[in-house]
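S.K.: As input, take coords_25.tsv (TSV, C-alpha atoms):
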chain	number	residue	atom	x	y	z
A	97	MET	CA	31.72	78.05	-212.37
A	98	THR	CA	32.69	74.81	-210.66
A	99	ALA	CA	34.73	73.83	-213.67
A	100	THR	CA	36.58	77.18	-213.53
A	101	LEU	CA	37.46	76.75	-209.84
A	102	ASP	CA	38.66	73.18	-210.48
A	103	GLY	CA	40.83	74.47	-213.31
A	104	ARG	CA	42.47	77.07	-211.05
A	105	ARG	CA	43.08	74.47	-208.35
A	106	HIS	CA	44.84	72.21	-210.86
A	107	ALA	CA	46.76	75.12	-212.40
A	108	ARG	CA	48.34	76.22	-209.10
A	109	PRO	CA	50.05	72.86	-208.26
A	110	ALA	CA	51.28	72.63	-211.86
A	111	ARG	CA	52.72	76.17	-211.67
A	112	THR	CA	54.36	75.41	-208.29
A	113	SER	CA	55.81	72.18	-209.65
A	114	ARG	CA	57.21	74.04	-212.67
A	115	ARG	CA	58.86	76.63	-210.39
A	116	LYS	CA	60.47	73.89	-208.33
A	117	VAL	CA	61.85	72.23	-211.45
A	118	VAL	CA	63.22	75.55	-212.77
A	119	LYS	CA	64.74	76.34	-209.38
A	120	ALA	CA	66.35	72.89	-209.12
A	121	VAL	CA	67.76	73.13	-212.66
A	122	SER	CA	69.14	76.62	-211.96
A	123	LEU	CA	70.82	75.49	-208.73
A	124	HIS	CA	72.32	72.43	-210.41
A	125	THR	CA	73.58	74.57	-213.30
A	126	ILE	CA	75.25	77.02	-210.91
A	127	ALA	CA	76.79	74.16	-208.92
A	128	ILE	CA	78.11	72.50	-212.09
A	129	VAL	CA	79.60	75.76	-213.40
A	130	ILE	CA	81.31	76.55	-210.08
A	131	GLY	CA	82.53	72.94	-209.79
A	132	ALA	CA	83.92	73.09	-213.34
A	133	ILE	CA	85.80	76.32	-212.54
A	134	VAL	CA	87.50	74.50	-209.64
A	135	VAL	CA	88.01	71.06	-211.17
A	136	ILE	CA	89.13	71.90	-214.72
A	137	PRO	CA	92.42	73.64	-213.69
A	138	LEU	CA	93.17	70.74	-211.32
A	139	LEU	CA	92.59	68.18	-214.09
A	140	PHE	CA	94.68	70.25	-216.51
A	141	GLY	CA	97.56	70.26	-214.03
A	142	LEU	CA	97.17	66.57	-213.15
A	143	ILE	CA	97.08	65.38	-216.78
A	144	GLY	CA	99.65	67.96	-217.90
A	145	GLY	CA	102.14	66.44	-215.45
A	146	PHE	CA	102.01	63.20	-217.45
A	147	LYS	CA	103.00	64.97	-220.66
A	148	THR	CA	106.20	66.38	-222.04
A	149	THR	CA	106.51	70.12	-222.55
A	150	ALA	CA	106.34	69.52	-226.32
A	151	GLN	CA	103.03	67.65	-225.92
A	152	LEU	CA	101.70	70.52	-223.80
A	153	SER	CA	102.55	72.96	-226.58
A	154	THR	CA	101.01	70.94	-229.41
A	155	ASN	CA	98.05	69.37	-227.55
A	156	PRO	CA	97.40	71.23	-224.27
A	157	PHE	CA	93.90	69.84	-223.62
A	158	GLY	CA	94.23	66.30	-224.95
A	159	LEU	CA	95.37	63.13	-223.23
A	160	PRO	CA	99.12	62.36	-223.07
A	161	ASP	CA	100.45	60.23	-225.92
A	162	PRO	CA	102.49	58.50	-224.64
A	163	TRP	CA	102.05	58.98	-220.88
A	164	GLN	CA	105.14	60.30	-219.05
A	165	PRO	CA	105.06	59.27	-215.36
A	166	GLY	CA	108.70	60.30	-214.97
A	167	ASN	CA	107.76	63.88	-214.03
A	168	TYR	CA	105.94	62.61	-210.93
A	169	THR	CA	108.38	59.85	-209.96
A	170	GLU	CA	111.36	62.24	-210.08
A	171	VAL	CA	109.61	64.56	-207.62
A	172	ILE	CA	108.39	61.72	-205.37
A	173	PHE	CA	111.89	60.26	-205.07
A	174	SER	CA	113.41	63.69	-204.48
A	175	GLY	CA	114.62	64.20	-200.90
A	176	SER	CA	114.17	67.98	-201.02
A	177	PHE	CA	110.44	67.61	-201.72
A	178	TRP	CA	109.84	65.51	-198.61
A	179	GLN	CA	112.05	67.82	-196.55
A	180	GLN	CA	109.82	70.74	-197.59
A	181	VAL	CA	106.70	68.71	-196.76
A	182	TRP	CA	108.10	67.96	-193.30
A	183	ASN	CA	109.04	71.63	-192.74
A	184	SER	CA	105.52	72.74	-193.67
A	185	VAL	CA	103.93	70.11	-191.42
A	186	PHE	CA	106.16	70.98	-188.45
A	187	ILE	CA	105.61	74.73	-188.75
A	188	ALA	CA	101.84	74.32	-189.25
A	189	MET	CA	101.45	71.98	-186.26
A	190	ALA	CA	103.60	74.10	-183.94
A	191	THR	CA	101.75	77.27	-184.99
A	192	THR	CA	98.40	75.61	-184.38
A	193	VAL	CA	99.33	74.32	-180.92
A	194	ILE	CA	100.55	77.77	-179.83
A	195	VAL	CA	97.73	79.84	-181.31
A	196	VAL	CA	94.92	77.54	-180.18
A	197	GLY	CA	96.40	77.07	-176.70
A	198	LEU	CA	96.91	80.78	-176.06
A	199	ALA	CA	93.63	81.78	-177.69
A	200	ALA	CA	91.66	79.22	-175.66
A	201	MET	CA	92.99	80.59	-172.36
A	202	ALA	CA	92.45	84.21	-173.40
A	203	SER	CA	88.96	83.46	-174.68
A	204	PHE	CA	88.10	81.71	-171.41
A	205	VAL	CA	89.02	84.85	-169.47
A	206	PHE	CA	87.14	87.17	-171.83
A	207	ALA	CA	84.06	84.94	-171.87
A	208	ARG	CA	83.70	83.81	-168.25
A	209	PHE	CA	85.21	86.57	-166.08
A	210	ALA	CA	83.96	90.12	-165.51
A	211	PHE	CA	86.70	92.66	-164.83
A	212	ARG	CA	87.32	96.32	-165.53
A	213	GLY	CA	88.57	96.96	-169.06
A	214	ARG	CA	87.56	93.55	-170.38
A	215	GLU	CA	85.88	94.90	-173.51
A	216	PHE	CA	88.76	97.29	-174.14
A	217	TRP	CA	91.33	94.48	-174.12
A	218	PHE	CA	89.07	92.34	-176.27
A	219	LEU	CA	88.75	95.27	-178.69
A	220	LEU	CA	92.54	95.39	-178.98
A	221	PHE	CA	92.55	91.80	-180.19
A	222	THR	CA	89.78	92.46	-182.71
A	223	VAL	CA	91.69	95.47	-184.04
A	224	GLY	CA	94.46	93.00	-184.90
A	225	LEU	CA	92.25	91.74	-187.72
A	226	MET	CA	92.77	95.06	-189.51
A	227	PHE	CA	96.56	94.92	-189.17
A	228	PRO	CA	97.99	93.39	-192.38
A	229	PHE	CA	101.19	91.40	-192.19
A	230	ALA	CA	102.79	93.39	-195.00
A	231	VAL	CA	102.76	96.54	-192.83
A	232	ALA	CA	104.74	94.77	-190.09
A	233	THR	CA	107.32	93.18	-192.38
A	234	LEU	CA	110.22	95.57	-191.72
A	235	PRO	CA	109.88	95.95	-187.91
A	236	LEU	CA	109.21	92.22	-187.62
A	237	PHE	CA	112.33	91.41	-189.62
A	238	VAL	CA	114.45	93.73	-187.43
A	239	LEU	CA	112.96	92.26	-184.25
A	240	LEU	CA	113.56	88.66	-185.34
A	241	ARG	CA	117.12	89.50	-186.37
A	242	TYR	CA	117.72	91.05	-182.94
A	243	MET	CA	116.33	87.88	-181.32
A	244	GLY	CA	118.45	85.64	-183.55
A	245	LEU	CA	115.41	83.94	-185.10
A	246	LEU	CA	116.23	84.50	-188.77
A	247	ASP	CA	116.69	81.20	-190.60
A	248	ASN	CA	114.90	79.55	-187.70
A	249	PRO	CA	111.45	77.87	-187.81
A	250	LEU	CA	110.50	79.81	-184.67
A	251	GLY	CA	110.90	83.00	-186.70
A	252	VAL	CA	107.92	81.84	-188.77
A	253	ILE	CA	105.95	80.03	-186.06
A	254	LEU	CA	105.76	82.86	-183.52
A	255	PRO	CA	104.60	85.64	-185.93
A	256	GLN	CA	102.07	83.29	-187.52
A	257	ALA	CA	100.68	82.48	-184.07
A	258	ALA	CA	100.53	86.17	-183.17
A	259	PHE	CA	98.67	87.09	-186.34
A	260	GLY	CA	96.30	84.15	-185.88
A	261	LEU	CA	95.27	85.09	-182.34
A	262	PRO	CA	92.60	87.74	-183.16
A	263	VAL	CA	90.29	85.58	-185.26
A	264	THR	CA	90.84	82.54	-183.03
A	265	ILE	CA	89.96	84.48	-179.88
A	266	ILE	CA	86.83	85.92	-181.48
A	267	VAL	CA	85.58	82.46	-182.53
A	268	LEU	CA	86.37	80.74	-179.23
A	269	ARG	CA	85.03	83.55	-177.06
A	270	SER	CA	81.69	83.41	-178.86
A	271	PHE	CA	81.52	79.66	-178.34
A	272	PHE	CA	82.58	79.75	-174.67
A	273	ARG	CA	79.86	82.31	-173.90
A	274	THR	CA	77.21	79.87	-175.10
A	275	ILE	CA	78.10	77.38	-172.33
A	276	PRO	CA	75.41	77.84	-169.62
A	277	ARG	CA	76.42	79.36	-166.30
A	278	GLU	CA	74.67	76.48	-164.55
A	279	VAL	CA	77.34	74.09	-165.81
A	280	GLU	CA	80.08	76.21	-164.26
A	281	GLU	CA	78.14	76.59	-160.99
A	282	ALA	CA	77.60	72.84	-160.76
A	283	ALA	CA	81.31	72.24	-161.34
A	284	THR	CA	82.19	74.79	-158.64
A	285	ILE	CA	79.84	73.12	-156.16
A	286	ASP	CA	81.58	69.82	-156.91
A	287	GLY	CA	84.88	71.42	-155.92
A	288	CYS	CA	86.18	72.26	-159.39
A	289	SER	CA	88.51	75.26	-159.62
A	290	SER	CA	88.33	77.77	-162.46
A	291	PHE	CA	91.21	76.10	-164.29
A	292	GLY	CA	89.68	72.68	-163.62
A	293	PHE	CA	86.41	73.84	-165.16
A	294	PHE	CA	88.34	75.20	-168.14
A	295	TRP	CA	90.46	72.08	-168.63
A	296	ARG	CA	88.06	69.28	-167.73
A	297	ILE	CA	84.68	70.62	-168.84
A	298	LEU	CA	84.91	73.66	-171.11
A	299	LEU	CA	87.56	72.39	-173.54
A	300	PRO	CA	85.86	68.99	-174.10
A	301	MET	CA	82.54	70.77	-174.71
A	302	ALA	CA	84.24	73.14	-177.17
A	303	ARG	CA	85.71	70.43	-179.40
A	304	PRO	CA	83.83	71.56	-182.55
A	305	ALA	CA	85.05	75.15	-182.16
A	306	LEU	CA	88.59	74.01	-181.32
A	307	ALA	CA	88.63	71.76	-184.39
A	308	THR	CA	87.44	74.62	-186.57
A	309	VAL	CA	90.07	77.12	-185.42
A	310	SER	CA	92.75	74.39	-185.62
A	311	VAL	CA	91.87	73.67	-189.24
A	312	LEU	CA	91.90	77.37	-190.06
A	313	ALA	CA	95.30	77.80	-188.38
A	314	ILE	CA	96.81	74.82	-190.21
A	315	VAL	CA	95.49	75.94	-193.59
A	316	GLY	CA	96.70	79.52	-193.01
A	317	SER	CA	100.18	78.32	-192.06
A	318	TRP	CA	100.34	75.81	-194.91
A	319	ASN	CA	99.51	78.45	-197.52
A	320	ASN	CA	101.73	81.16	-196.04
A	321	PHE	CA	104.34	82.18	-198.56
A	322	PHE	CA	105.46	85.71	-197.76
A	323	LEU	CA	106.63	85.22	-194.16
A	324	PRO	CA	108.79	82.11	-194.85
A	325	LEU	CA	110.18	83.92	-197.89
A	326	VAL	CA	111.33	86.80	-195.69
A	327	ILE	CA	112.62	84.74	-192.76
A	328	LEU	CA	114.04	81.52	-194.24
A	329	ASN	CA	117.11	81.62	-196.51
A	330	ASP	CA	118.42	78.11	-195.85
A	331	PRO	CA	116.99	75.71	-198.52
A	332	GLY	CA	116.89	72.98	-195.85
A	333	LEU	CA	114.29	75.01	-193.93
A	334	TRP	CA	112.09	75.98	-196.85
A	335	THR	CA	108.40	75.20	-196.72
A	336	LEU	CA	106.45	73.74	-199.63
A	337	PRO	CA	105.32	77.09	-201.14
A	338	LEU	CA	108.95	78.23	-201.23
A	339	GLY	CA	109.88	74.89	-202.79
A	340	VAL	CA	107.30	75.40	-205.53
A	341	GLN	CA	108.73	78.82	-206.29
A	342	GLN	CA	112.29	77.48	-206.34
A	343	PHE	CA	111.32	74.54	-208.56
A	344	ASN	CA	109.45	76.83	-210.93
A	345	GLY	CA	112.52	79.03	-211.25
A	346	GLN	CA	114.83	76.05	-211.78
A	347	TYR	CA	112.66	74.36	-214.44
A	348	SER	CA	110.85	77.36	-215.88
A	349	SER	CA	111.27	75.99	-219.42
A	350	ASP	CA	109.93	72.51	-218.47
A	351	THR	CA	106.27	73.31	-217.86
A	352	ALA	CA	105.16	69.67	-217.57
A	353	ARG	CA	107.62	68.99	-214.74
A	354	VAL	CA	106.51	72.15	-212.93
A	355	LEU	CA	102.87	71.04	-213.23
A	356	ALA	CA	103.77	67.65	-211.71
A	357	TYR	CA	105.51	69.36	-208.78
A	358	VAL	CA	102.59	71.72	-208.16
A	359	VAL	CA	100.07	68.85	-208.24
A	360	LEU	CA	102.10	66.80	-205.76
A	361	ALA	CA	102.50	69.89	-203.55
A	362	MET	CA	98.71	70.16	-203.40
A	363	VAL	CA	98.16	66.53	-202.38
A	364	PRO	CA	98.92	66.92	-198.62
A	365	ALA	CA	96.59	69.93	-198.36
A	366	LEU	CA	93.79	68.16	-200.25
A	367	ALA	CA	94.21	65.01	-198.15
A	368	PHE	CA	94.11	67.02	-194.94
A	369	TYR	CA	91.05	68.96	-196.03
A	370	SER	CA	89.21	65.76	-197.03
A	371	VAL	CA	89.76	64.46	-193.48
A	372	ALA	CA	89.08	67.74	-191.65
A	373	GLU	CA	86.21	69.01	-193.82
A	374	ARG	CA	83.54	67.48	-191.57
A	375	GLN	CA	85.08	69.04	-188.45
A	376	LEU	CA	85.38	72.43	-190.15
A	377	ILE	CA	81.80	72.50	-191.42
A	378	GLY	CA	80.48	71.07	-188.15
A	379	GLY	CA	82.30	73.70	-186.11
A	380	LEU	CA	81.13	76.58	-188.27
A	381	THR	CA	77.56	75.29	-188.21
A	382	ALA	CA	77.62	74.87	-184.44
A	383	GLY	CA	78.93	78.41	-184.04
A	384	ALA	CA	76.22	79.76	-186.33
A	385	THR	CA	73.37	78.01	-184.57
A	386	LYS	CA	74.58	78.86	-181.08
A	387	GLY	CA	75.88	82.35	-181.77
Starting from the file, lay out its structure as structure tokens.

M.R.:
Amino acid sequence: MTATLDGRRHARPARTSRRKVVKAVSLHTIAIVIGAIVVIPLLFGLIGGFKTTAQLSTNPFGLPDPWQPGNYTEVIFSGSFWQQVWNSVFIAMATTVIVVGLAAMASFVFARFAFRGREFWFLLFTVGLMFPFAVATLPLFVLLRYMGLLDNPLGVILPQAAFGLPVTIIVLRSFFRTIPREVEEAATIDGCSSFGFFWRILLPMARPALATVSVLAIVGSWNNFFLPLVILNDPGLWTLPLGVQQFNGQYSSDTARVLAYVVLAMVPALAFYSVAERQLIGGLTAGATKG
């Protein structure tokens, strides 16, 4: 009987250990498969840019023989490419400053002040999440033409900021509400006005949330294709996604050169994400734990 009990006691840890190993192997397998789905197309594009189109046709998955760096150097030394990078950076930064600034002030009011109709006005902003940009294309185009903002970066910046307000306000309002009332009362006793509390205390405490919504706004603006396509006709104002489309149309028969252009167009976004990834994850985690 004692031997039987000892056998069961030894069997349970062995079974638990086996489950842990199976679980770890399964998780690693899933991670490797998902990582391969992401990395393989990037590697194909990166290596394909060093080939000629003939090499891509005869040996699409092999290494270049010989290597052709000219596809990349031609794009790097092209003035239009850097002009498009600058246009994308300028529009993304301006959009982010406007949307985060306005959303922070609106969220402060919605989170810290009680007034009649507060939830109704907040609901109006949340309804904006269900309003797709495609539906507003025609009236927005007419409005911007009336305001003289066609072929103007402001014609892209202002609509992007308007469409980014709902989600930014929702995120910041949730974070602002987690700041204890005692902090605001202590600031008031020390002679701090409402705006002083907002500017000097609330915004510094909300850095993780502000970083998160800033990253989201920059990424959304950087990847926006449809709005610049509708508003910007001057090639000197084109953003990088429009440049990729134009380059693809110009060199549609030279696939290797198009791959080089697409890879270089991705580099700024990847570099930015590698720097901002910690802020983005930290902000989302802080919001999850506090919300």

S.K.: With distances taken over only C-alpha atoms, which residue among A:Leu333, A:Ala257, A:Val135, A:Val171 lies nearest Leu360 (chain A)?

M.R.: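 That would be A:Val171, the residue with the smallest distance to Leu360 (chain A).
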
S.K.: Here's a test: counting only C-alpha atoms, identify every protein, DNA and RNA residue with an atom at most 12 Å from (109.9, 70.7, -209.2) in the file's coordinate frame, and state them as a PyMOL selection string.

M.R.: chain A and resi 145+166-178+180+336-361

S.K.: Can I get the selected residues back with C-alpha atoms, as a CSV table (one decimal), keeping the file's coordinate frame?

M.R.:
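Wrote result-v2.csv, looks like this:
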chain,number,residue,atom,x,y,z
A,145,GLY,CA,102.1,66.4,-215.4
A,166,GLY,CA,108.7,60.3,-215.0
A,167,ASN,CA,107.8,63.9,-214.0
A,168,TYR,CA,105.9,62.6,-210.9
A,169,THR,CA,108.4,59.8,-210.0
A,170,GLU,CA,111.4,62.2,-210.1
A,171,VAL,CA,109.6,64.6,-207.6
A,172,ILE,CA,108.4,61.7,-205.4
A,173,PHE,CA,111.9,60.3,-205.1
A,174,SER,CA,113.4,63.7,-204.5
A,175,GLY,CA,114.6,64.2,-200.9
A,176,SER,CA,114.2,68.0,-201.0
A,177,PHE,CA,110.4,67.6,-201.7
A,178,TRP,CA,109.8,65.5,-198.6
A,180,GLN,CA,109.8,70.7,-197.6
A,336,LEU,CA,106.4,73.7,-199.6
A,337,PRO,CA,105.3,77.1,-201.1
A,338,LEU,CA,109.0,78.2,-201.2
A,339,GLY,CA,109.9,74.9,-202.8
A,340,VAL,CA,107.3,75.4,-205.5
A,341,GLN,CA,108.7,78.8,-206.3
A,342,GLN,CA,112.3,77.5,-206.3
A,343,PHE,CA,111.3,74.5,-208.6
A,344,ASN,CA,109.4,76.8,-210.9
A,345,GLY,CA,112.5,79.0,-211.2
A,346,GLN,CA,114.8,76.0,-211.8
A,347,TYR,CA,112.7,74.4,-214.4
A,348,SER,CA,110.8,77.4,-215.9
A,349,SER,CA,111.3,76.0,-219.4
A,350,ASP,CA,109.9,72.5,-218.5
A,351,THR,CA,106.3,73.3,-217.9
A,352,ALA,CA,105.2,69.7,-217.6
A,353,ARG,CA,107.6,69.0,-214.7
A,354,VAL,CA,106.5,72.2,-212.9
A,355,LEU,CA,102.9,71.0,-213.2
A,356,ALA,CA,103.8,67.6,-211.7
A,357,TYR,CA,105.5,69.4,-208.8
A,358,VAL,CA,102.6,71.7,-208.2
A,359,VAL,CA,100.1,68.8,-208.2
A,360,LEU,CA,102.1,66.8,-205.8
A,361,ALA,CA,102.5,69.9,-203.6

S.K.: Restricting the calculation to all atoms listed in the file: of A:Gly131, A:Pro276, A:Gly144, A:Gly316, which residue gets closest to Met301 (chain A)?

M.R.: A:Pro276

S.K.: Could the residues of region 209-278 of chain A that have an atom at most 6 Å from region 184-199 of chain A be listed as a Markdown table, each with its closest atom pair and the distance in Å to one decimal, counting all atoms listed in the file and ordered by chain and ascending residue number?

M.R.:
| residue | atom | partner | partner_atom | distance |
| --- | --- | --- | --- | --- |
| A:Ile253 | CA | A:Thr191 | CA | 5.1 |
| A:Ala257 | CA | A:Val195 | CA | 4.8 |
| A:Leu261 | CA | A:Val195 | CA | 5.9 |
| A:Ile265 | CA | A:Ala199 | CA | 5.1 |

S.K.: Could you give me, as a PDB file with C-alpha atoms, in the coordinates of the input, the residues within 7 Å of Leu225 (chain A), counting only C-alpha atoms and dropping anything in the same chain fewer than 3 positions from it?

M.R.:
ATOM      1  CA  THR A 222      89.780  92.460-182.710  1.00  0.00           C
ATOM      2  CA  PRO A 262      92.600  87.740-183.160  1.00  0.00           C
ATOM      3  CA  VAL A 263      90.290  85.580-185.260  1.00  0.00           C
TER       4      VAL A 263
END

S.K.: Go ahead and compute the interatomic distance for CA of Phe291 (chain A) and CA of Ser270 (chain A), in Å to one decimal.

M.R.: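 So the two atoms, CA of Phe291 (chain A) and CA of Ser270 (chain A), lie 18.9 Å apart.
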
S.K.: Of the residues A:Ile275, A:Glu215, A:Phe140, A:Arg269, which is the one nearest to Leu152 (chain A), using only C-alpha atoms?

M.R.: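 Checking each candidate against Leu152 (chain A), we get A:Phe140 as the closest.
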
S.K.: Which one of A:Thr149, A:Ser122, A:Asn329, A:Ser289 sits closest to Gly251 (chain A) if you count only C-alpha atoms?

M.R.: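 Nearest candidate to Gly251 (chain A) out of A:Thr149, A:Ser122, A:Asn329, A:Ser289: A:Asn329.
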
S.K.: So, counting all atoms listed in the file, which residue among A:Ser310, A:Ser317, A:Asn183, A:Thr154 is closest to Val267 (chain A)?

M.R.: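 Closest to Val267 (chain A), using all atoms listed in the file: A:Ser310.
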
S.K.: Here is a test: counting only C-alpha atoms, which residue of A:Phe211, A:Phe322, A:Phe272, A:Trp163 is nearest to Ala302 (chain A)?

M.R.: A:Phe272

S.K.: Please indicate the distance in Å from CA of Thr284 (chain A) to CA of Arg296 (chain A), rounded to one decimal place.

M.R.: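 Interatomic distance here is 12.1 Å.
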
S.K.: Taking (105.1, 64.4, -222.6) in the file's coordinates, which residues come within 7 Å, counting only C-alpha atoms, written as JSON, numbers by chain?

M.R.: {"A": [146, 147, 148, 149, 150, 151, 160, 162, 163, 164]}

S.K.: What's the separation between CA of Trp217 (chain A) and CA of Val279 (chain A), in Å to one decimal place?

M.R.: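 Going from CA of Trp217 (chain A) over to CA of Val279 (chain A), I get 26.1 Å.
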
S.K.: Output as CSV one row per residue of region 253-294 of chain A within 12 Å of region 323-328 of chain A: the closest atom pair and its distance in Å to one decimal place, counting all atoms listed in the file, sorted by chain and residue number ascending.

M.R.:
residue,atom,partner,partner_atom,distance
A:Ile253,CA,A:Pro324,CA,9.5
A:Leu254,CA,A:Leu323,CA,10.9
A:Pro255,CA,A:Leu323,CA,8.5
A:Gln256,CA,A:Leu323,CA,8.3
A:Phe259,CA,A:Leu323,CA,11.3
